Amino acid sequence: MSHLQDAKLLVRKFYAELDAATSEASADVLKKHVAEEYRWRGSFPFNELYGAESVASSFWAPLKDAFGRTQRREDIFFASHNRLDGGETTWVCSMGHILGHFQKPWIDIQPHHKMVFLRYCDFHRVEHGKIQESALHIDVMSILLQLGSRVIPEATGVVTMTPGPQPHDGLLFDEHPASEGEKTLDVIERMIGRLIGSGVKTTMADLAADWTEDMLWWGPTGIGASYTYQGYLKGHTTPFEDGLEFIRHNGHIVRLGEGSYGGFFGYPSMTMRSKGGYMGLTSSGDTTADMRIVDLYRRDGDKLAENWIFIDHLWFLKQLGVDLIERHRAMTAPVQEFLR
């Protein structure tokens with residue numbers, strides 16, 4: 001069995017035990033599967049944590065306490081050596097939703113006592129039979145939206161339950177030829193080079209060069225999803241590029257590819273300047289902020305067909321002076337006081 005398959009099996013066992021664990025037992029599961037010097041990169045308000053105890057007590061135990069019994073609804077799973085370090089490190093990527101029953105407060109958000117879907121994307125570096133580091137990106141804004149929060153503006157794209165790949169073949173539990181993953185990364189890097197080289201400006205010609213005509217772009221809450229070249233330009237790139245000015249690309253930590261699937265994350269990926277207001281939440285002004293971004297892709301032939309995006313919007317907006325959790329808390333406080 002290849003090293004990549006060993007890494008996949010380790011992460012799948014970790015997930016199975018973590019998903020089944022109670023909030024009190026989550027620390028024991030992490031201690032079993034992660035290294036002593038474990039590094040965890042999370043979305044706001046969790047940010048960077050170190051060690052199994054810290055990650056369990058800060059993230060997993062409170063989440064499980066609030067959401068009760070959870071299910072991992074996984075749509076994409078693959079493993080790859082990291083192209084950015086010459087293949088020295090091995091990473092496993094997983095994407096989908098964590099389903100739960102929101103029954104207790106979580107990160108100062110009051111529950112609605114209904115089912116919720118927390119969108120996630122996870123990266124794990126595996127070495128010596130342990131998970132050495134992880135990066136877990138979650139879409140907290142999607143939880144606020146499911147609560148019907150008034151702090152979430154109307155999106156320029158379509159806000160919907162984010163599905164998995166159109167061919168339903170995103171769970172790469174078995175081994176795949178390395179050459180296919182290399183092809184996927186080549187196409188991804190061709191697109192990245194074109195985008196960064198243009199100062200993050202997208203034209204119809206750029207899309208035709210790198211994307212299939214029926215492309216699907218599954219954006220984060222606040223932006224939404226878009227379909228086809230025309231839909232993508234209208235629903236994402238035009239409002240995004242009008243509201244923000246590209247300052248610099250800060251690089252990625254990993255670039256991975258297996259089979260027709262690949263992706264990367266940066267922590268942060270880019271530095272942007274708010275110039276015309278962003279998502280209707282910020283005013284225009286000369287303010288710069290960093291973006292933590294995840295991109296996962298499905299390749300079809302020599303072009304990209306689907307793209308799943310995670311942006312740590314709470315962290316980005318916080319740098320621009322907007323605290324969405326505090327705004328939500330302030331809006332719901334009178335109602336919560338009335339219900340007491």
# chains A, B, ... in the order shown; residues from 1 in each chain; ligands from 1
$ residues_around --residues "Ile152 of chain A" --least-positions-apart "5" --cutoff "9 Å" --atoms "only C-alpha atoms" --output "MDAnalysis selection string"
chainID A and resid 141 144:145 221:222 281 324
$ select_by_dssp --residues "segment 14-245 of chain A" --states "alpha helix (DSSP H)" --output "PyMOL selection string"
chain A and resi 14-20+26-33+52-55+61-67+140-146+178-197+204-210+228-232+238-243
$ residues_around --residues "Leu4 of chain A" --least-positions-apart "6" --cutoff "12 Å" --atoms "only C-alpha atoms" --output "list in words"
Leu10, Val11, Phe78, Ala79, Ser80, His81, Asn82, Gly87, Thr89, Thr90, Trp91, Val92, Cys93, His124, Arg125, Val126, Glu127, Gly129, Leu172, Phe173, Asp174, Glu175, His176, Pro177, Ala178, Leu256, Gly257 and Glu258 of chain A
$ atom_distance --atom1 "atom CA of Leu99 of chain A" --atom2 "atom CA of Ala16 of chain A"
14.3 Å
$ atom_distance --atom1 "atom CA of Arg298 of chain A" --atom2 "atom CA of Phe117 of chain A"
22.5 Å
$ closest_atom_pairs --of "segment 59-160 of chain A" --to "segment 21-37 of chain A" --cutoff "6 Å" --atoms "only C-alpha atoms" --output "Markdown table"
| residue | atom | partner | partner_atom | distance |
| --- | --- | --- | --- | --- |
| A:Ala61 | CA | A:Ser23 | CA | 4.2 |
| A:Lys64 | CA | A:Ser23 | CA | 5.2 |
| A:Asp65 | CA | A:Ser23 | CA | 5.8 |
| A:Lys130 | CA | A:Val34 | CA | 5.1 |
| A:Ile131 | CA | A:Val34 | CA | 4.5 |
| A:Gln132 | CA | A:Ala35 | CA | 5.2 |
$ residues_around --residues "Arg41 of chain A" --least-positions-apart "6" --cutoff "8 Å" --atoms "only C-alpha atoms" --output "list in words"
Asn47, Glu48, Leu49, Ser134, Ala135 and Leu136 of chain A
$ write_last_selection --atoms "N, CA, C and O atoms" --output "compact mmCIF listing (two decimals), in the first residue's frame"
# COMPACT_ATOMS: atom_id res chain seq x y z
N ASN A 47 -8.84 30.76 15.01
CA ASN A 47 -7.49 31.09 14.56
C ASN A 47 -6.51 29.96 14.83
O ASN A 47 -6.88 28.80 14.72
N GLU A 48 -5.27 30.24 15.21
CA GLU A 48 -4.26 29.19 15.37
C GLU A 48 -4.24 28.64 16.79
O GLU A 48 -4.27 29.40 17.77
N LEU A 49 -4.18 27.31 16.88
CA LEU A 49 -4.10 26.63 18.17
C LEU A 49 -3.01 25.58 18.10
O LEU A 49 -2.65 25.11 17.01
N SER A 134 -3.01 20.57 10.94
CA SER A 134 -4.29 20.60 10.23
C SER A 134 -4.67 22.05 9.95
O SER A 134 -4.23 22.97 10.63
N ALA A 135 -5.52 22.21 8.94
CA ALA A 135 -6.14 23.49 8.67
C ALA A 135 -7.62 23.23 8.43
O ALA A 135 -7.97 22.51 7.49
N LEU A 136 -8.47 23.75 9.29
CA LEU A 136 -9.91 23.52 9.19
C LEU A 136 -10.59 24.86 8.89
O LEU A 136 -10.61 25.76 9.72
$ select_by_dssp --residues "segment 47-286 of chain A" --states "strand (DSSP E or B)" --output "MDAnalysis selection string"
chainID A and resid 48:50 71:81 90:101 106 109 115:127 130:138 158 171 211:218 225:227 244:249 254:258 261:274
$ residues_around --residues "Ile325 of chain A" --least-positions-apart "6" --cutoff "10 Å" --atoms "only C-alpha atoms" --output "PyMOL selection string"
chain A and resi 45+107-109+140-141+144+151+314+318+331
$ closest_residue --among "A:Asp122, A:Ser149, A:Leu84, A:Thr238" --to "Leu296 of chain A" --atoms "only C-alpha atoms"
A:Asp122
$ decode --residues "segment 143-221 of chain A" --atoms "C-alpha atoms" --output "mmCIF file, in the first residue's frame"
data_model
loop_
_atom_site.group_PDB
_atom_site.id
_atom_site.type_symbol
_atom_site.label_atom_id
_atom_site.label_comp_id
_atom_site.auth_asym_id
_atom_site.auth_seq_id
_atom_site.Cartn_x
_atom_site.Cartn_y
_atom_site.Cartn_z
ATOM 1 C CA ILE A 143 -24.785 29.211 10.248
ATOM 2 C CA LEU A 144 -25.936 32.818 10.692
ATOM 3 C CA LEU A 145 -27.792 32.551 7.395
ATOM 4 C CA GLN A 146 -29.520 29.331 8.468
ATOM 5 C CA LEU A 147 -30.662 31.171 11.587
ATOM 6 C CA GLY A 148 -32.228 33.843 9.395
ATOM 7 C CA SER A 149 -29.847 36.486 10.718
ATOM 8 C CA ARG A 150 -30.387 39.978 9.347
ATOM 9 C CA VAL A 151 -26.647 40.726 9.400
ATOM 10 C CA ILE A 152 -26.113 38.691 6.211
ATOM 11 C CA PRO A 153 -26.604 40.843 3.093
ATOM 12 C CA GLU A 154 -28.210 39.627 -0.100
ATOM 13 C CA ALA A 155 -25.601 37.770 -2.135
ATOM 14 C CA THR A 156 -24.710 38.562 -5.737
ATOM 15 C CA GLY A 157 -24.699 34.836 -6.496
ATOM 16 C CA VAL A 158 -27.188 32.165 -5.445
ATOM 17 C CA VAL A 159 -27.083 31.081 -1.807
ATOM 18 C CA THR A 160 -27.898 27.402 -1.591
ATOM 19 C CA MET A 161 -26.863 24.178 0.057
ATOM 20 C CA THR A 162 -23.430 23.611 -1.479
ATOM 21 C CA PRO A 163 -23.410 20.236 -3.269
ATOM 22 C CA GLY A 164 -20.543 17.917 -4.049
ATOM 23 C CA PRO A 165 -19.156 17.227 -7.547
ATOM 24 C CA GLN A 166 -21.556 16.838 -10.449
ATOM 25 C CA PRO A 167 -20.202 13.323 -11.348
ATOM 26 C CA HIS A 168 -20.509 12.198 -7.682
ATOM 27 C CA ASP A 169 -16.968 10.805 -7.769
ATOM 28 C CA GLY A 170 -15.204 13.092 -5.311
ATOM 29 C CA LEU A 171 -14.423 10.518 -2.611
ATOM 30 C CA LEU A 172 -11.055 9.169 -3.726
ATOM 31 C CA PHE A 173 -10.691 6.438 -1.132
ATOM 32 C CA ASP A 174 -8.862 4.190 -3.612
ATOM 33 C CA GLU A 175 -5.482 4.884 -5.205
ATOM 34 C CA HIS A 176 -5.310 6.932 -8.425
ATOM 35 C CA PRO A 177 -2.491 7.342 -10.975
ATOM 36 C CA ALA A 178 -0.094 10.095 -9.959
ATOM 37 C CA SER A 179 -0.099 11.434 -13.515
ATOM 38 C CA GLU A 180 -3.784 12.403 -13.273
ATOM 39 C CA GLY A 181 -3.188 14.462 -10.153
ATOM 40 C CA GLU A 182 -0.251 16.169 -11.847
ATOM 41 C CA LYS A 183 -2.500 17.101 -14.777
ATOM 42 C CA THR A 184 -5.015 18.597 -12.382
ATOM 43 C CA LEU A 185 -2.365 20.674 -10.633
ATOM 44 C CA ASP A 186 -0.959 21.843 -13.969
ATOM 45 C CA VAL A 187 -4.370 23.209 -14.996
ATOM 46 C CA ILE A 188 -4.913 24.814 -11.575
ATOM 47 C CA GLU A 189 -1.511 26.497 -11.640
ATOM 48 C CA ARG A 190 -2.063 27.700 -15.215
ATOM 49 C CA MET A 191 -5.233 29.424 -14.049
ATOM 50 C CA ILE A 192 -3.598 30.837 -10.898
ATOM 51 C CA GLY A 193 -0.706 32.248 -12.886
ATOM 52 C CA ARG A 194 -3.061 33.982 -15.285
ATOM 53 C CA LEU A 195 -5.217 35.386 -12.475
ATOM 54 C CA ILE A 196 -2.394 36.673 -10.262
ATOM 55 C CA GLY A 197 -0.521 37.981 -13.295
ATOM 56 C CA SER A 198 -3.507 40.146 -14.208
ATOM 57 C CA GLY A 199 -3.827 41.617 -10.721
ATOM 58 C CA VAL A 200 -6.921 39.486 -10.054
ATOM 59 C CA LYS A 201 -8.890 40.777 -13.022
ATOM 60 C CA THR A 202 -10.998 38.270 -14.940
ATOM 61 C CA THR A 203 -12.170 38.531 -18.540
ATOM 62 C CA MET A 204 -14.296 36.301 -20.739
ATOM 63 C CA ALA A 205 -11.122 35.283 -22.595
ATOM 64 C CA ASP A 206 -9.514 34.199 -19.304
ATOM 65 C CA LEU A 207 -12.509 32.022 -18.462
ATOM 66 C CA ALA A 208 -12.567 30.447 -21.926
ATOM 67 C CA ALA A 209 -8.890 29.528 -21.587
ATOM 68 C CA ASP A 210 -9.158 27.729 -18.259
ATOM 69 C CA TRP A 211 -12.791 26.775 -17.610
ATOM 70 C CA THR A 212 -15.460 24.645 -19.265
ATOM 71 C CA GLU A 213 -18.457 26.590 -20.602
ATOM 72 C CA ASP A 214 -20.767 25.019 -18.002
ATOM 73 C CA MET A 215 -18.441 25.880 -15.114
ATOM 74 C CA LEU A 216 -19.830 25.864 -11.578
ATOM 75 C CA TRP A 217 -18.415 28.175 -8.917
ATOM 76 C CA TRP A 218 -19.553 27.312 -5.400
ATOM 77 C CA GLY A 219 -18.734 30.435 -3.413
ATOM 78 C CA PRO A 220 -18.883 31.120 0.329
ATOM 79 C CA THR A 221 -21.819 32.633 2.167
#
